[in-house]
Amino acid sequence: MLWTWGDVAAPAEVAWNLLVDVERWPEWGPSVRSARLLSERFGDGTRGLVTTALGFDLPFEVTSFEPGRSWSWSVAGVPATGHRVESTGEDACRVGFGVPAIALPYLVVCRVAIARIAEIAPREPVRRPRR
């Protein structure tokens, strides 16, 4: 995986909540129009549907999950992005997105997503992470 990172002026819990709340994905994900879970909760093995910015509905599955820290997924059976949050202080964190080497150009989209999270997160209330 190739990674890109960005600083966020909010607690790691806030950024994490944005990353795991599928209803919020369109706010920060340039390639996502909508998403919904087919599983009861978000975690390892979660399945759902994501509607791309181009209007395609694709199935997804969470393939790895470390609560409050990281998750990865496959979309339409293809390994896709990894998502990671690292606390760097009480009200600061780093958010990272990783992509398979073959998807290197997608890191540009990931940089936009990080910038959007950095804009949204400081205005969000701190709440317990959803799992």
# chains A, B, ... in the order shown; residues from 1 in each chain; ligands from 1
>>> select_by_dssp(residues="chain A", states="helix (DSSP H, G or I)", output="PyMOL selection string")
chain A and resi 12-20+22-28+101-123
>>> write_last_selection(atoms="N, CA and C atoms", output="CSV table (one decimal), in the first residue's frame")
chain,number,residue,atom,x,y,z
A,12,ALA,N,-8.7,12.4,17.5
A,12,ALA,CA,-8.7,11.2,16.7
A,12,ALA,C,-10.1,10.6,16.6
A,13,GLU,N,-10.8,10.6,17.7
A,13,GLU,CA,-12.2,10.0,17.8
A,13,GLU,C,-13.1,10.7,16.8
A,14,VAL,N,-13.0,12.0,16.6
A,14,VAL,CA,-13.8,12.7,15.7
A,14,VAL,C,-13.5,12.3,14.2
A,15,ALA,N,-12.3,12.2,13.9
A,15,ALA,CA,-11.9,11.8,12.5
A,15,ALA,C,-12.3,10.4,12.3
A,16,TRP,N,-12.1,9.5,13.3
A,16,TRP,CA,-12.5,8.1,13.2
A,16,TRP,C,-14.0,8.0,12.9
A,17,ASN,N,-14.8,8.8,13.7
A,17,ASN,CA,-16.3,8.7,13.4
A,17,ASN,C,-16.7,9.1,12.0
A,18,LEU,N,-16.0,10.1,11.4
A,18,LEU,CA,-16.2,10.4,10.0
A,18,LEU,C,-15.9,9.3,9.1
A,19,LEU,N,-14.8,8.5,9.4
A,19,LEU,CA,-14.4,7.5,8.6
A,19,LEU,C,-15.3,6.2,8.6
A,20,VAL,N,-16.0,6.0,9.7
A,20,VAL,CA,-16.8,4.8,9.8
A,20,VAL,C,-18.3,5.0,9.7
A,22,VAL,N,-21.0,5.6,7.4
A,22,VAL,CA,-21.2,5.5,5.9
A,22,VAL,C,-22.1,6.7,5.4
A,23,GLU,N,-23.0,7.2,6.2
A,23,GLU,CA,-23.8,8.3,5.8
A,23,GLU,C,-23.1,9.6,5.6
A,24,ARG,N,-21.9,9.7,6.2
A,24,ARG,CA,-21.0,10.9,6.1
A,24,ARG,C,-20.0,10.8,5.0
A,25,TRP,N,-19.8,9.6,4.4
A,25,TRP,CA,-18.8,9.4,3.3
A,25,TRP,C,-19.0,10.4,2.2
A,26,PRO,N,-20.2,10.7,1.7
A,26,PRO,CA,-20.3,11.6,0.6
A,26,PRO,C,-19.8,13.1,0.9
A,27,GLU,N,-19.8,13.4,2.2
A,27,GLU,CA,-19.3,14.7,2.6
A,27,GLU,C,-17.8,14.9,2.4
A,28,TRP,N,-17.0,13.8,2.6
A,28,TRP,CA,-15.6,14.0,2.4
A,28,TRP,C,-15.0,13.1,1.3
A,101,ALA,N,-0.5,-0.3,-5.0
A,101,ALA,CA,0.4,0.4,-5.9
A,101,ALA,C,-0.2,0.6,-7.3
A,102,ILE,N,-1.1,-0.3,-7.7
A,102,ILE,CA,-1.7,-0.2,-9.1
A,102,ILE,C,-2.6,1.0,-9.1
A,103,ALA,N,-3.1,1.4,-8.0
A,103,ALA,CA,-4.1,2.6,-7.9
A,103,ALA,C,-3.4,3.9,-7.5
A,104,LEU,N,-2.1,4.0,-7.7
A,104,LEU,CA,-1.4,5.2,-7.3
A,104,LEU,C,-2.1,6.5,-7.7
A,105,PRO,N,-2.6,6.7,-8.9
A,105,PRO,CA,-3.3,8.0,-9.2
A,105,PRO,C,-4.4,8.3,-8.2
A,106,TYR,N,-5.0,7.3,-7.6
A,106,TYR,CA,-6.1,7.5,-6.7
A,106,TYR,C,-5.7,8.3,-5.4
A,107,LEU,N,-4.4,8.3,-5.2
A,107,LEU,CA,-3.9,9.1,-4.0
A,107,LEU,C,-4.3,10.6,-4.1
A,108,VAL,N,-4.5,11.1,-5.3
A,108,VAL,CA,-4.9,12.5,-5.5
A,108,VAL,C,-6.3,12.6,-4.9
A,109,VAL,N,-7.2,11.7,-5.2
A,109,VAL,CA,-8.6,11.7,-4.6
A,109,VAL,C,-8.5,11.6,-3.1
A,110,CYS,N,-7.6,10.8,-2.6
A,110,CYS,CA,-7.4,10.6,-1.2
A,110,CYS,C,-7.0,11.9,-0.5
A,111,ARG,N,-6.1,12.7,-1.2
A,111,ARG,CA,-5.6,13.9,-0.6
A,111,ARG,C,-6.8,14.9,-0.5
A,112,VAL,N,-7.7,14.9,-1.5
A,112,VAL,CA,-8.9,15.8,-1.4
A,112,VAL,C,-9.8,15.3,-0.2
A,113,ALA,N,-9.9,14.0,-0.1
A,113,ALA,CA,-10.7,13.5,1.1
A,113,ALA,C,-10.1,13.9,2.4
A,114,ILE,N,-8.8,13.9,2.5
A,114,ILE,CA,-8.2,14.3,3.8
A,114,ILE,C,-8.4,15.8,4.0
A,115,ALA,N,-8.3,16.6,3.0
A,115,ALA,CA,-8.5,18.0,3.1
A,115,ALA,C,-10.0,18.3,3.6
A,116,ARG,N,-10.9,17.5,3.1
A,116,ARG,CA,-12.3,17.7,3.5
A,116,ARG,C,-12.5,17.3,4.9
A,117,ILE,N,-11.9,16.2,5.3
A,117,ILE,CA,-12.0,15.8,6.7
A,117,ILE,C,-11.4,16.8,7.6
A,118,ALA,N,-10.3,17.4,7.2
A,118,ALA,CA,-9.6,18.4,8.0
A,118,ALA,C,-10.5,19.7,8.1
A,119,GLU,N,-11.3,19.9,7.2
A,119,GLU,CA,-12.2,21.0,7.2
A,119,GLU,C,-13.5,20.7,8.1
A,120,ILE,N,-14.0,19.5,8.0
A,120,ILE,CA,-15.2,19.1,8.7
A,120,ILE,C,-15.0,18.8,10.2
A,121,ALA,N,-13.9,18.1,10.5
A,121,ALA,CA,-13.7,17.5,11.8
A,121,ALA,C,-13.6,18.6,12.9
A,122,PRO,N,-13.0,19.7,12.7
A,122,PRO,CA,-12.9,20.7,13.9
A,122,PRO,C,-14.3,21.2,14.3
A,123,ARG,N,-15.3,21.1,13.5
A,123,ARG,CA,-16.6,21.6,13.8
A,123,ARG,C,-17.5,20.5,14.4
>>> residues_around(residues="A:Ala76", least_positions_apart="2", cutoff="12 Å", atoms="only C-alpha atoms", output="JSON, numbers by chain")
{"A": [47, 48, 49, 50, 51, 52, 56, 57, 58, 59, 60, 61, 62, 73, 74, 78, 79, 80]}
>>> atom_distance(atom1="atom CA of A:Gly6", atom2="atom CA of A:Pro100")
18.5 Å
>>> closest_residue(among="A:Thr81, A:Thr46, A:Ser39, A:Ser70", to="A:Arg94", atoms="only C-alpha atoms")
A:Ser70
